[in-house]
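Pasted below: entry_35.cif, mmCIF, C-alpha atoms and all ligand atoms.
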data_structure
loop_
_atom_site.label_atom_id
_atom_site.label_comp_id
_atom_site.auth_asym_id
_atom_site.auth_seq_id
_atom_site.Cartn_x
_atom_site.Cartn_y
_atom_site.Cartn_z
CA MET A 299 -17.10 4.65 -12.47
CA SER A 300 -15.44 1.63 -14.04
CA LYS A 301 -17.66 -0.87 -15.80
CA ILE A 302 -16.39 -4.45 -15.81
CA LYS A 303 -16.39 -6.38 -19.07
CA SER A 304 -14.83 -9.50 -17.62
CA PHE A 305 -12.54 -11.08 -15.08
CA THR A 306 -10.53 -14.11 -16.19
CA ALA A 307 -7.67 -16.03 -14.57
CA VAL A 308 -4.88 -18.46 -15.37
CA GLU A 309 -2.84 -20.76 -13.14
CA VAL A 310 0.84 -19.71 -13.36
CA LEU A 311 3.93 -20.58 -11.29
CA ASP A 312 5.70 -18.66 -8.53
CA SER A 313 9.42 -18.49 -7.73
CA ARG A 314 9.30 -21.84 -5.88
CA GLY A 315 7.69 -23.48 -8.90
CA ARG A 316 4.34 -23.67 -7.12
CA PRO A 317 1.06 -22.65 -8.72
CA THR A 318 -0.49 -19.24 -8.11
CA VAL A 319 -3.22 -17.08 -9.64
CA HIS A 320 -2.85 -14.56 -12.47
CA ALA A 321 -6.02 -12.53 -13.12
CA ILE A 322 -6.99 -10.25 -15.98
CA CYS A 323 -9.52 -7.43 -15.69
CA GLN A 324 -11.15 -6.05 -18.83
CA LEU A 325 -13.15 -2.85 -18.56
CA ALA A 326 -15.98 -1.86 -20.85
CA THR A 327 -13.84 1.07 -22.03
CA GLY A 328 -11.40 -1.43 -23.57
CA HIS A 329 -8.75 -0.89 -20.89
CA ALA A 330 -7.32 -4.11 -19.52
CA ALA A 331 -4.73 -5.11 -16.93
CA SER A 332 -3.49 -8.18 -15.12
CA ALA A 333 -1.83 -9.07 -11.82
CA THR A 334 -0.27 -12.12 -10.17
CA VAL A 335 -0.38 -12.90 -6.46
CA PRO A 336 2.49 -14.19 -4.29
CA SER A 337 2.49 -16.90 -1.61
CA GLY A 338 4.20 -17.30 1.78
CA ALA A 339 5.99 -20.24 3.43
CA SER A 340 6.27 -19.04 7.03
CA THR A 341 2.63 -18.05 7.13
CA GLY A 342 0.81 -16.68 10.17
CA SER A 343 -2.20 -18.62 11.38
CA ALA A 344 -4.49 -15.56 11.08
CA GLU A 345 -3.81 -15.12 7.36
CA ALA A 346 -6.62 -15.21 4.81
CA LEU A 347 -6.83 -18.63 3.18
CA GLU A 348 -5.01 -19.39 -0.06
CA LEU A 349 -7.26 -21.85 -1.85
CA ARG A 350 -5.31 -24.93 -3.01
CA ASP A 351 -6.81 -27.84 -4.95
CA GLY A 352 -5.61 -30.56 -2.58
CA ASP A 353 -5.27 -32.96 -5.51
CA ILE A 354 -1.98 -34.66 -4.72
CA GLY A 355 -1.72 -35.86 -8.30
CA ARG A 356 -0.94 -32.26 -9.35
CA TYR A 357 1.79 -30.11 -7.77
CA ALA A 358 1.57 -32.17 -4.56
CA GLY A 359 -1.89 -30.77 -3.87
CA LEU A 360 -0.87 -27.12 -4.35
CA GLY A 361 -2.69 -26.55 -7.65
CA CYS A 362 -4.81 -23.39 -7.96
CA LEU A 363 -7.34 -24.57 -10.53
CA LYS A 364 -10.25 -24.15 -8.10
CA ALA A 365 -9.24 -20.55 -7.35
CA VAL A 366 -8.82 -19.91 -11.08
CA ALA A 367 -12.25 -21.39 -11.79
CA ASN A 368 -13.74 -19.19 -9.07
CA VAL A 369 -12.49 -16.12 -10.96
CA ASN A 370 -13.56 -17.39 -14.38
CA LEU A 371 -16.99 -18.50 -13.25
CA GLU A 372 -18.49 -17.18 -10.05
CA ILE A 373 -16.60 -13.88 -9.73
CA ASN A 374 -16.89 -13.10 -13.42
CA HIS A 375 -20.62 -13.90 -13.48
CA ALA A 376 -21.29 -11.75 -10.43
CA LEU A 377 -19.21 -8.75 -11.51
CA ALA A 378 -19.34 -8.56 -15.31
CA GLY A 379 -21.51 -5.67 -16.47
CA LYS A 380 -21.37 -3.95 -13.06
CA ASP A 381 -20.10 -0.42 -12.51
CA PHE A 382 -17.75 0.24 -9.60
CA ALA A 383 -17.06 3.73 -8.28
CA ASP A 384 -13.75 2.76 -6.76
CA GLN A 385 -11.53 0.04 -5.31
CA ALA A 386 -13.41 -0.02 -2.00
CA GLU A 387 -16.70 -0.78 -3.74
CA LEU A 388 -15.22 -3.61 -5.79
CA ASP A 389 -13.47 -5.13 -2.76
CA GLN A 390 -16.66 -4.92 -0.68
CA CYS A 391 -18.52 -6.77 -3.42
CA LEU A 392 -15.83 -9.50 -3.40
CA LEU A 393 -16.07 -9.84 0.39
CA GLU A 394 -19.84 -10.20 0.26
CA LEU A 395 -19.65 -12.70 -2.57
CA ASP A 396 -17.17 -14.84 -0.65
CA GLY A 397 -19.11 -14.56 2.60
CA THR A 398 -16.48 -16.10 4.91
CA VAL A 399 -14.24 -14.46 7.52
CA ASN A 400 -10.98 -15.74 6.01
CA LYS A 401 -11.92 -15.83 2.31
CA SER A 402 -11.86 -19.60 2.34
CA ARG A 403 -14.75 -20.11 -0.08
CA LEU A 404 -13.46 -18.29 -3.16
CA GLY A 405 -9.84 -18.17 -1.93
CA ALA A 406 -7.77 -15.13 -0.94
CA ASN A 407 -5.53 -15.88 -3.93
CA ALA A 408 -8.49 -15.54 -6.32
CA ILE A 409 -9.88 -12.47 -4.54
CA LEU A 410 -6.58 -10.58 -4.33
CA ALA A 411 -5.70 -11.28 -7.96
CA VAL A 412 -9.04 -9.73 -8.96
CA SER A 413 -8.62 -6.79 -6.56
CA LEU A 414 -5.14 -6.03 -7.98
CA ALA A 415 -6.07 -6.50 -11.64
CA PHE A 416 -8.97 -4.07 -11.16
CA CYS A 417 -6.62 -1.55 -9.53
CA ARG A 418 -4.24 -1.68 -12.49
CA ALA A 419 -7.11 -1.47 -14.98
CA GLN A 420 -8.39 1.66 -13.22
CA ALA A 421 -4.93 3.24 -13.44
CA ALA A 422 -4.88 2.41 -17.15
CA GLU A 423 -8.37 3.85 -17.61
CA GLN A 424 -7.26 7.10 -15.98
CA GLY A 425 -4.02 7.11 -17.96
CA ILE A 426 -1.84 7.41 -14.84
CA PRO A 427 1.04 5.27 -13.55
CA LEU A 428 0.14 2.61 -11.01
CA TYR A 429 2.07 4.32 -8.18
CA SER A 430 0.06 7.54 -8.72
CA HIS A 431 -3.17 5.59 -8.58
CA PHE A 432 -2.04 3.94 -5.32
CA ALA A 433 -1.14 7.41 -3.99
CA HIS A 434 -4.66 8.65 -4.80
CA LEU A 435 -6.16 5.65 -3.00
CA ALA A 436 -4.10 6.43 0.11
CA GLY A 437 -4.37 10.21 -0.18
CA GLY A 438 -0.64 10.92 0.13
CA SER A 439 2.34 11.99 -1.99
CA PRO A 440 4.43 9.08 -3.25
CA ILE A 441 7.89 8.45 -1.85
CA LEU A 442 10.35 5.58 -2.33
CA PRO A 443 10.59 3.19 0.62
CA ARG A 444 14.02 2.34 2.02
CA PRO A 445 14.93 -1.28 1.13
CA MET A 446 15.67 -3.95 3.75
CA ILE A 447 17.65 -6.37 1.58
CA ASN A 448 18.08 -10.04 2.35
CA LEU A 449 21.67 -11.18 2.90
CA PHE A 450 21.43 -14.46 4.86
CA SER A 451 18.52 -16.84 5.31
CA GLY A 452 17.63 -19.74 7.57
CA GLY A 453 14.40 -21.13 8.95
CA ALA A 454 11.63 -22.06 6.53
CA HIS A 455 13.39 -20.16 3.74
CA GLY A 456 16.78 -21.84 4.12
CA GLY A 457 15.98 -25.50 4.78
CA GLU A 458 15.98 -25.00 8.61
CA GLN A 459 19.80 -25.11 8.78
CA ILE A 460 19.56 -22.37 11.39
CA ALA A 461 16.53 -21.17 13.35
CA ILE A 462 16.28 -17.48 12.48
CA GLN A 463 14.81 -16.77 9.09
CA ASP A 464 16.37 -13.66 7.57
CA VAL A 465 19.19 -11.22 8.22
CA GLN A 466 18.80 -8.14 6.05
CA ILE A 467 20.86 -5.06 5.26
CA VAL A 468 19.63 -1.45 5.51
CA VAL A 469 21.67 1.46 4.24
CA PRO A 470 20.67 4.54 6.28
CA PHE A 471 23.31 6.79 4.74
CA ALA A 472 22.18 6.11 1.15
CA ARG A 473 20.40 8.99 -0.51
CA SER A 474 18.81 6.98 -3.30
CA ILE A 475 17.64 3.51 -4.31
CA ARG A 476 20.53 3.44 -6.76
CA GLN A 477 23.10 4.05 -4.04
CA THR A 478 21.39 1.56 -1.72
CA LEU A 479 21.70 -1.17 -4.33
CA GLU A 480 25.32 -0.28 -5.11
CA VAL A 481 26.21 -0.66 -1.43
CA MET A 482 24.21 -3.87 -1.17
CA SER A 483 26.02 -5.32 -4.16
CA ASP A 484 29.37 -4.66 -2.40
CA VAL A 485 28.15 -6.27 0.82
CA PHE A 486 26.66 -9.25 -1.05
CA ARG A 487 29.93 -9.90 -2.92
CA ALA A 488 31.88 -9.66 0.33
CA ALA A 489 29.44 -12.11 1.95
CA VAL A 490 29.81 -14.57 -0.93
CA ALA A 491 33.60 -14.47 -0.57
CA LEU A 492 33.34 -14.96 3.19
CA VAL A 493 30.90 -17.85 2.90
CA LEU A 494 32.97 -19.62 0.23
CA GLU A 495 36.10 -19.33 2.33
CA ARG A 496 34.54 -20.35 5.62
CA TYR A 497 31.95 -22.91 4.56
CA GLY A 498 33.53 -24.35 1.40
CA MET A 499 31.70 -24.67 -1.89
CA ARG A 500 28.40 -25.77 -0.40
CA LEU A 501 26.93 -22.42 -1.29
CA LEU A 502 23.19 -22.55 -1.17
CA THR A 503 20.72 -19.78 -1.73
CA ALA A 504 17.38 -19.70 -0.01
CA ASP A 505 13.85 -18.90 -1.22
CA GLU A 506 14.42 -15.16 -1.31
CA GLY A 507 17.86 -15.43 -2.91
CA GLY A 508 19.85 -14.88 0.32
CA LEU A 509 22.91 -16.98 1.17
CA ALA A 510 22.20 -19.94 3.41
CA PRO A 511 25.38 -21.56 4.69
CA GLU A 512 25.43 -23.93 7.66
CA PHE A 513 26.05 -21.30 10.31
CA GLU A 514 27.14 -22.71 13.68
CA SER A 515 24.67 -20.49 15.53
CA SER A 516 22.26 -17.59 15.10
CA GLU A 517 24.92 -15.31 16.46
CA ALA A 518 27.37 -16.54 13.77
CA MET A 519 24.82 -15.39 11.16
CA LEU A 520 24.72 -11.88 12.65
CA ALA A 521 28.50 -11.75 13.08
CA ALA A 522 29.04 -12.82 9.45
CA ALA A 523 26.74 -10.02 8.27
CA VAL A 524 28.80 -7.46 10.19
CA GLU A 525 32.01 -8.97 8.82
CA ALA A 526 30.66 -8.70 5.27
CA ILE A 527 29.79 -5.02 5.85
CA ASN A 528 33.32 -4.38 7.13
CA LEU A 529 34.93 -6.39 4.31
CA ALA A 530 32.99 -4.33 1.77
CA GLY A 531 34.49 -1.18 3.28
CA TYR A 532 31.48 0.21 5.13
CA ARG A 533 30.96 1.05 8.80
CA PRO A 534 28.42 -1.21 10.52
CA GLY A 535 25.82 0.98 12.24
CA ASN A 536 24.49 4.20 10.86
CA GLU A 537 26.24 3.59 7.54
CA VAL A 538 25.03 0.01 6.99
CA GLY A 539 22.81 -1.70 9.54
CA LEU A 540 20.98 -4.99 10.01
CA THR A 541 17.35 -6.01 10.35
CA VAL A 542 16.38 -9.47 11.51
CA ASP A 543 13.28 -11.57 10.81
CA VAL A 544 13.41 -14.11 13.63
CA ALA A 545 10.14 -15.76 12.45
CA ALA A 546 9.94 -17.29 15.93
CA SER A 547 6.58 -19.06 15.41
CA GLN A 548 8.41 -21.42 13.07
CA PHE A 549 10.68 -22.84 15.80
CA HIS A 550 8.34 -22.57 18.77
CA GLY A 551 6.59 -25.62 20.17
CA GLU A 552 5.39 -27.04 23.49
CA ALA A 553 8.96 -27.28 24.79
CA GLY A 554 9.69 -23.63 23.98
CA TYR A 555 11.87 -22.02 21.33
CA HIS A 556 14.20 -24.51 19.64
CA ILE A 557 17.21 -22.41 18.76
CA ASP A 558 20.93 -23.17 18.51
CA GLY A 559 20.43 -26.75 19.70
CA GLU A 560 18.53 -25.78 22.86
CA PHE A 561 14.95 -25.30 23.97
CA ILE A 562 14.50 -21.96 25.69
CA ASP A 563 11.51 -20.18 27.24
CA ARG A 564 10.05 -16.78 26.46
CA GLY A 565 12.21 -14.92 28.99
CA SER A 566 15.42 -16.40 27.62
CA MET A 567 14.31 -15.65 24.07
CA ILE A 568 13.77 -11.98 25.03
CA ASP A 569 17.19 -11.93 26.73
CA LEU A 570 18.78 -13.43 23.63
CA ILE A 571 17.24 -10.81 21.33
CA ASP A 572 18.29 -8.07 23.75
CA LYS A 573 21.83 -9.45 23.67
CA TRP A 574 21.88 -9.48 19.85
CA CYS A 575 20.62 -5.89 19.75
CA ALA A 576 23.33 -4.77 22.19
CA ALA A 577 26.10 -6.50 20.23
CA TYR A 578 25.06 -5.85 16.62
CA PRO A 579 23.70 -2.82 14.73
CA ILE A 580 20.14 -4.15 14.55
CA PHE A 581 17.56 -1.56 13.45
CA SER A 582 14.52 -3.81 13.53
CA VAL A 583 13.45 -7.18 14.98
CA GLU A 584 10.54 -8.91 13.24
CA ASP A 585 8.53 -11.72 14.90
CA GLY A 586 10.97 -12.04 17.80
CA LEU A 587 8.40 -14.17 19.63
CA GLN A 588 5.69 -16.55 18.51
CA GLU A 589 2.45 -15.14 17.14
CA ALA A 590 0.14 -16.07 20.04
CA ASP A 591 2.25 -14.69 22.91
CA TRP A 592 0.76 -11.18 23.24
CA GLU A 593 2.12 -10.73 26.77
CA GLY A 594 5.62 -11.72 25.65
CA TRP A 595 5.45 -9.19 22.81
CA GLN A 596 4.58 -6.46 25.33
CA ARG A 597 7.65 -7.39 27.38
CA LEU A 598 9.90 -7.49 24.33
CA PHE A 599 8.58 -4.10 23.24
CA GLN A 600 9.12 -2.65 26.74
CA ARG A 601 12.69 -3.91 26.67
CA LEU A 602 13.66 -2.56 23.24
CA ARG A 603 11.33 0.36 22.51
CA GLY A 604 13.05 3.47 21.24
CA HIS A 605 16.17 1.53 20.23
CA THR A 606 14.92 -1.11 17.82
CA MET A 607 11.78 -1.29 15.69
CA ILE A 608 9.59 -4.14 16.96
CA LEU A 609 7.99 -5.37 13.77
CA GLY A 610 4.90 -7.58 13.64
CA ASP A 611 4.44 -10.04 10.77
CA ASP A 612 2.79 -13.29 11.92
CA LEU A 613 1.59 -11.46 15.04
CA LEU A 614 -0.48 -9.02 12.97
CA CYS A 615 -1.09 -10.78 9.64
CA THR A 616 -1.96 -7.36 8.12
CA ASN A 617 -5.27 -7.85 9.91
CA PRO A 618 -6.97 -4.63 11.11
CA GLY A 619 -8.43 -6.35 14.19
CA ARG A 620 -5.04 -7.69 15.30
CA ILE A 621 -3.36 -4.34 14.60
CA ARG A 622 -5.94 -2.56 16.81
CA ARG A 623 -5.17 -5.02 19.59
CA ALA A 624 -1.42 -4.54 19.21
CA ILE A 625 -1.82 -0.76 19.39
CA ALA A 626 -4.03 -0.98 22.49
CA GLU A 627 -1.74 -3.47 24.24
CA GLU A 628 1.52 -1.80 23.14
CA ALA A 629 2.84 -5.02 21.66
CA CYS A 630 4.96 -3.48 18.87
CA ASP A 631 5.59 -0.30 16.92
CA SER A 632 5.69 -1.33 13.29
CA LEU A 633 3.64 -3.25 10.76
CA LEU A 634 4.89 -5.69 8.16
CA LEU A 635 2.32 -5.15 5.42
CA LYS A 636 1.71 -8.19 3.22
CA VAL A 637 -1.37 -7.62 1.09
CA ASN A 638 -2.10 -11.30 0.53
CA GLN A 639 -2.23 -11.95 4.29
CA VAL A 640 -5.53 -10.07 4.35
CA GLY A 641 -6.66 -10.58 0.75
CA THR A 642 -7.95 -7.24 -0.65
CA LEU A 643 -6.30 -3.88 -1.30
CA THR A 644 -8.95 -2.04 0.71
CA GLU A 645 -8.35 -4.08 3.85
CA ALA A 646 -4.59 -3.74 3.42
CA LEU A 647 -4.99 0.04 3.17
CA GLU A 648 -7.10 0.04 6.32
CA ALA A 649 -4.30 -1.89 8.07
CA MET A 650 -1.75 0.61 6.78
CA ASN A 651 -3.78 3.62 7.96
CA LEU A 652 -4.28 2.13 11.43
CA ALA A 653 -0.53 1.65 11.78
CA ARG A 654 0.24 5.14 10.48
CA ASN A 655 -2.27 6.80 12.80
CA ALA A 656 -0.67 5.03 15.76
CA GLY A 657 2.69 6.52 14.76
CA TRP A 658 4.07 3.14 13.69
CA LYS A 659 6.54 2.49 10.88
CA VAL A 660 5.34 0.43 7.93
CA VAL A 661 7.44 -2.16 6.08
CA VAL A 662 5.81 -3.22 2.81
CA SER A 663 6.76 -6.83 2.18
CA ALA A 664 6.83 -9.40 -0.60
CA ARG A 665 6.38 -13.12 0.11
CA SER A 666 8.93 -15.91 -0.09
CA GLY A 667 7.03 -17.30 -3.09
CA GLU A 668 6.98 -14.35 -5.50
CA THR A 669 6.45 -13.69 -9.19
CA GLU A 670 7.94 -11.35 -11.76
CA ASP A 671 5.01 -8.98 -11.21
CA ASP A 672 6.19 -5.63 -9.80
CA TRP A 673 2.96 -4.10 -8.43
CA LEU A 674 4.37 -4.17 -4.90
CA ALA A 675 6.97 -1.48 -5.74
CA ASP A 676 4.22 0.88 -6.94
CA LEU A 677 2.10 0.10 -3.89
CA ALA A 678 4.98 0.78 -1.51
CA ALA A 679 5.75 4.11 -3.22
CA GLY A 680 2.11 5.20 -3.53
CA TRP A 681 1.20 4.21 0.02
CA VAL A 682 4.35 5.87 1.39
CA GLY A 683 5.87 2.80 3.03
CA ASP A 684 8.87 3.60 5.24
CA TYR A 685 10.64 0.42 4.14
CA ILE A 686 10.27 -2.30 1.54
CA LYS A 687 11.36 -5.90 2.05
CA VAL A 688 11.46 -8.03 -1.09
CA GLY A 689 14.45 -10.33 -0.61
CA SER A 690 17.92 -10.49 -2.07
CA ILE A 691 19.46 -8.78 -5.11
CA THR A 692 19.56 -12.12 -6.90
CA GLN A 693 16.57 -13.75 -8.63
CA SER A 694 14.34 -11.88 -11.04
CA GLU A 695 11.16 -12.10 -8.97
CA ARG A 696 13.01 -9.93 -6.38
CA LEU A 697 14.74 -7.72 -8.94
CA ALA A 698 11.45 -6.94 -10.66
CA LYS A 699 10.61 -4.85 -7.58
CA TYR A 700 14.06 -3.25 -7.13
CA ASN A 701 14.25 -2.47 -10.84
CA ARG A 702 10.83 -0.86 -10.72
CA LEU A 703 12.00 1.32 -7.79
CA LEU A 704 15.07 2.31 -9.83
CA VAL A 705 12.83 3.33 -12.72
CA LEU A 706 10.48 5.29 -10.44
CA GLU A 707 13.50 7.10 -9.01
CA ALA A 708 15.16 7.87 -12.33
CA MET A 709 12.14 8.51 -14.54
CA CYS A 710 9.43 9.75 -12.20
CA GLY A 711 11.52 11.86 -9.84
CA LEU A 712 10.45 10.07 -6.65
CA ARG A 713 12.70 10.59 -3.60
CA LEU A 714 13.86 8.05 -1.05
CA ALA A 715 12.18 8.05 2.38
CA LYS A 716 14.23 9.27 5.35
CA ALA A 717 15.96 6.63 7.47
CA ARG A 718 14.09 5.88 10.77
P1 LIG A 801 6.87 -15.72 3.98
O1 LIG A 801 8.16 -14.99 4.55
O2 LIG A 801 6.47 -15.05 2.74
O3 LIG A 801 7.37 -17.12 3.78
O4 LIG A 801 5.84 -15.61 5.07
C1 LIG A 801 8.35 -13.62 4.58
C2 LIG A 801 8.43 -13.14 6.00
O5 LIG A 801 8.29 -13.94 6.95
O6 LIG A 801 8.59 -11.96 6.24
ZN ZN A 802 8.40 -12.38 8.60
#
Translate this structure into structure tokens?
Amino acid sequence: MSKIKSFTAVEVLDSRGRPTVHAICQLATGHAASATVPSGASTGSAEALELRDGDIGRYAGLGCLKAVANVNLEINHALAGKDFADQAELDQCLLELDGTVNKSRLGANAILAVSLAFCRAQAAEQGIPLYSHFAHLAGGSPILPRPMINLFSGGAHGGEQIAIQDVQIVVPFARSIRQTLEVMSDVFRAAVALVLERYGMRLLTADEGGLAPEFESSEAMLAAAVEAINLAGYRPGNEVGLTVDVAASQFHGEAGYHIDGEFIDRGSMIDLIDKWCAAYPIFSVEDGLQEADWEGWQRLFQRLRGHTMILGDDLLCTNPGRIRRAIAEEACDSLLLKVNQVGTLTEALEAMNLARNAGWKVVVSARSGETEDDWLADLAAGWVGDYIKVGSITQSERLAKYNRLLVLEAMCGLRLAKAR
């Protein structure tokens, strides 16, 4: 039992300089902890609602003072003095208090900040590290997820200079987080040299710290990634591979998919992805089609199953109902788990367990608007994520997570998950 003394919150800024919510949980025992929530840019339409003030006089309407007030007033009044047996009981209480399907009354940003701060406070109360507490919640033994590390960005993260959103590096031969990051550093330096030479000094980094030059085409982005792997002295494929977040909902409209200067239909989009997967060492394709095209996803999955992970982000929105549908309809075989898409830890864990029980892979993911908070690394280790996706090896809001994984590896003896 953990008795709540108080919940309080503060408006702080994320890595894009936009407001977000930082909550503090104080327990009656004197233990206290805080947590900050991230925010997406290429958001799925089924995500829980991030409450924004809408006052265009402050942060162009993106202020979070209402969400902060909801923690300080309504949530605190309802929960202070109450005893909670566990995370599930607290989260259930938050859901009932909010009373909406998508957490639009109190705000998913307010609710998740409280859910996370309570989780950390419980770990502190028990005197155990956060990853161990997450492992107890999930009932497994912690393991370090294999990083998918951002190299190149486009789409909503890179100023739309190219349609596809992210090309990432995976290092299947690496035996540790340390070795993974060493390899990534080599590939990143090679990519910087290549981009400077080919695209001049207009070097631009995107929201997640990846490089964002004006590629001529999507294929040029994939080819440059393979060149950078080669230049760094590694073998593209089982030594160093690629994962792609197409984020196709972002460039899909009535006229089809707007990519590489053309509008193409679903069939051509599937053919294009198939072609990329045949030509490049692509381990996983995320959001290859738009989020509402369930039939198209089935076709894409039929085409690539067994060769390439078909990873659902906007399609699933970490939403248990959508995951059940995707399992039943065989629309994909892996879950991108973003806790703030659903809004409480308990619902995110339910999503994770559904995916696991279906034999899917799970990729624990940060958002494009992140903070220096590192709870995601502990969650990914404790919940036994197969992969973690937190962006590039530049920018401290990304490094907070990688550095935490390095510490867990070196100090806590956690081992890296197997590739595939
Ligand atoms: P988002 O991007 O946080 O902007 O949604 C991350 C992703 O699409 O995977
Ligand atoms: Zn995505």
Task: 12 Å contact set for Gln693 of chain A, only C-alpha atoms, chain neighbours under 5 positions out, as a VMD selection string - done: chain A and resid 312 to 314 448 503 to 508 666 to 670 688 698 to 701
Task: Close residues, segment 713-717 of chain A itself excluded, 12 Å, only C-alpha atoms, min 5 positions apart in chain, as JSON, numbers by chain - done: {"A": [439, 440, 441, 442, 443, 444, 445, 446, 468, 469, 470, 471, 472, 473, 474, 475, 476, 477, 478, 536, 537, 538, 539, 581, 659, 660, 661, 678, 679, 680, 681, 682, 683, 684, 685, 686, 703, 704, 705, 706, 707, 708]}
I need the residues from that last selection saved to file as a short mmCIF file (atom, residue, chain, number, x, y, z; two decimals), in the coordinates of the input (with C-alpha atoms), if you can.
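And here is the file that came out, again.cif:
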data_model
loop_
_atom_site.label_atom_id
_atom_site.label_comp_id
_atom_site.auth_asym_id
_atom_site.auth_seq_id
_atom_site.Cartn_x
_atom_site.Cartn_y
_atom_site.Cartn_z
CA SER A 439 2.34 11.99 -1.99
CA PRO A 440 4.43 9.08 -3.25
CA ILE A 441 7.89 8.45 -1.85
CA LEU A 442 10.35 5.58 -2.33
CA PRO A 443 10.59 3.19 0.62
CA ARG A 444 14.02 2.34 2.02
CA PRO A 445 14.93 -1.28 1.13
CA MET A 446 15.67 -3.95 3.75
CA VAL A 468 19.63 -1.45 5.51
CA VAL A 469 21.67 1.46 4.24
CA PRO A 470 20.67 4.54 6.28
CA PHE A 471 23.31 6.79 4.74
CA ALA A 472 22.18 6.11 1.15
CA ARG A 473 20.40 8.99 -0.51
CA SER A 474 18.81 6.98 -3.30
CA ILE A 475 17.64 3.51 -4.31
CA ARG A 476 20.53 3.44 -6.76
CA GLN A 477 23.10 4.05 -4.04
CA THR A 478 21.39 1.56 -1.72
CA ASN A 536 24.49 4.20 10.86
CA GLU A 537 26.24 3.59 7.54
CA VAL A 538 25.03 0.01 6.99
CA GLY A 539 22.81 -1.70 9.54
CA PHE A 581 17.56 -1.56 13.45
CA LYS A 659 6.54 2.49 10.88
CA VAL A 660 5.34 0.43 7.93
CA VAL A 661 7.44 -2.16 6.08
CA ALA A 678 4.98 0.78 -1.51
CA ALA A 679 5.75 4.11 -3.22
CA GLY A 680 2.11 5.20 -3.53
CA TRP A 681 1.20 4.21 0.02
CA VAL A 682 4.35 5.87 1.39
CA GLY A 683 5.87 2.80 3.03
CA ASP A 684 8.87 3.60 5.24
CA TYR A 685 10.64 0.42 4.14
CA ILE A 686 10.27 -2.30 1.54
CA LEU A 703 12.00 1.32 -7.79
CA LEU A 704 15.07 2.31 -9.83
CA VAL A 705 12.83 3.33 -12.72
CA LEU A 706 10.48 5.29 -10.44
CA GLU A 707 13.50 7.10 -9.01
CA ALA A 708 15.16 7.87 -12.33
#
Task: Distance filter 9 Å around ligand LIG 801 (chain A), atoms: only C-alpha atoms and all ligand atoms, out as a ChimeraX atom specification - done: /A:336-342,454-455,463-464,505-506,543-545,584-585,611-612,634,636,639,663-668,687-689
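For the pair atom CA of Val335 of chain A and atom CA of Ala411 of chain A, the separation is 5.8 Å.
The gap separating atom CA of Trp574 of chain A from atom CA of Glu517 of chain A is 7.4 Å, in Å to one decimal.
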Task: Selected residue, from A:Glu387, A:Glu627, A:Asp672, A:Asp381, that lies nearest to Arg702 of chain A when counting all atoms listed in the file - done: A:Asp672
TODO: Please measure the separation of atom CA of Phe513 of chain A and atom CA of Ile608 of chain A, giving the value in Å to one decimal.
DONE: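 Separation of atom CA of Phe513 of chain A and atom CA of Ile608 of chain A: 24.7 Å.
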Task: Who sits within 7 Å of Gln459 of chain A, all atoms listed in the file, same chain under 5 positions skipped, as a list in words - done: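 Listed by chain and then number, they are Gly452, Gly453 and Glu512 of chain A.
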Task: Surrounding residues of segment 344-354 of chain A excluding itself and chain neighbours under 3 positions, 7 Å, all atoms listed in the file, as a list in words - done: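 That gives Tyr357, Ala358, Gly359, Leu360, Gly361, Cys362, Leu363, Lys364, Ala365, Asn400, Lys401, Ser402, Gly405, Ala406, Asn407, Cys615, Gln639, Val640 and Gly641 of chain A.
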TODO: Taking the point (-9.8, -4.1, -5.4) as given in the file, collect each protein or nucleic acid residue that comes within 9 Å of it, counting all atoms listed in the file, and present the set as an MDAnalysis selection string.
DONE: chainID A and resid 384:390 392 409:417 642:644
Selected residues written out, C-alpha atoms, as a PDB file, in the frame of the given file:
ATOM      1  CA  ASP A 384     -13.750   2.760  -6.760  1.00  0.00           C
ATOM      2  CA  GLN A 385     -11.530   0.040  -5.310  1.00  0.00           C
ATOM      3  CA  ALA A 386     -13.410  -0.020  -2.000  1.00  0.00           C
ATOM      4  CA  GLU A 387     -16.700  -0.780  -3.740  1.00  0.00           C
ATOM      5  CA  LEU A 388     -15.220  -3.610  -5.790  1.00  0.00           C
ATOM      6  CA  ASP A 389     -13.470  -5.130  -2.760  1.00  0.00           C
ATOM      7  CA  GLN A 390     -16.660  -4.920  -0.680  1.00  0.00           C
ATOM      8  CA  LEU A 392     -15.830  -9.500  -3.400  1.00  0.00           C
ATOM      9  CA  ILE A 409      -9.880 -12.470  -4.540  1.00  0.00           C
ATOM     10  CA  LEU A 410      -6.580 -10.580  -4.330  1.00  0.00           C
ATOM     11  CA  ALA A 411      -5.700 -11.280  -7.960  1.00  0.00           C
ATOM     12  CA  VAL A 412      -9.040  -9.730  -8.960  1.00  0.00           C
ATOM     13  CA  SER A 413      -8.620  -6.790  -6.560  1.00  0.00           C
ATOM     14  CA  LEU A 414      -5.140  -6.030  -7.980  1.00  0.00           C
ATOM     15  CA  ALA A 415      -6.070  -6.500 -11.640  1.00  0.00           C
ATOM     16  CA  PHE A 416      -8.970  -4.070 -11.160  1.00  0.00           C
ATOM     17  CA  CYS A 417      -6.620  -1.550  -9.530  1.00  0.00           C
ATOM     18  CA  THR A 642      -7.950  -7.240  -0.650  1.00  0.00           C
ATOM     19  CA  LEU A 643      -6.300  -3.880  -1.300  1.00  0.00           C
ATOM     20  CA  THR A 644      -8.950  -2.040   0.710  1.00  0.00           C
TER      21      THR A 644
END
- [ ] Using all atoms listed in the file, find the one residue out of A:Arg597, A:Arg533, A:Arg496, A:His434 that sits nearest to Arg564 of chain A.
- [x]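 Ranked by minimum distance to Arg564 of chain A, first place goes to A:Arg597.
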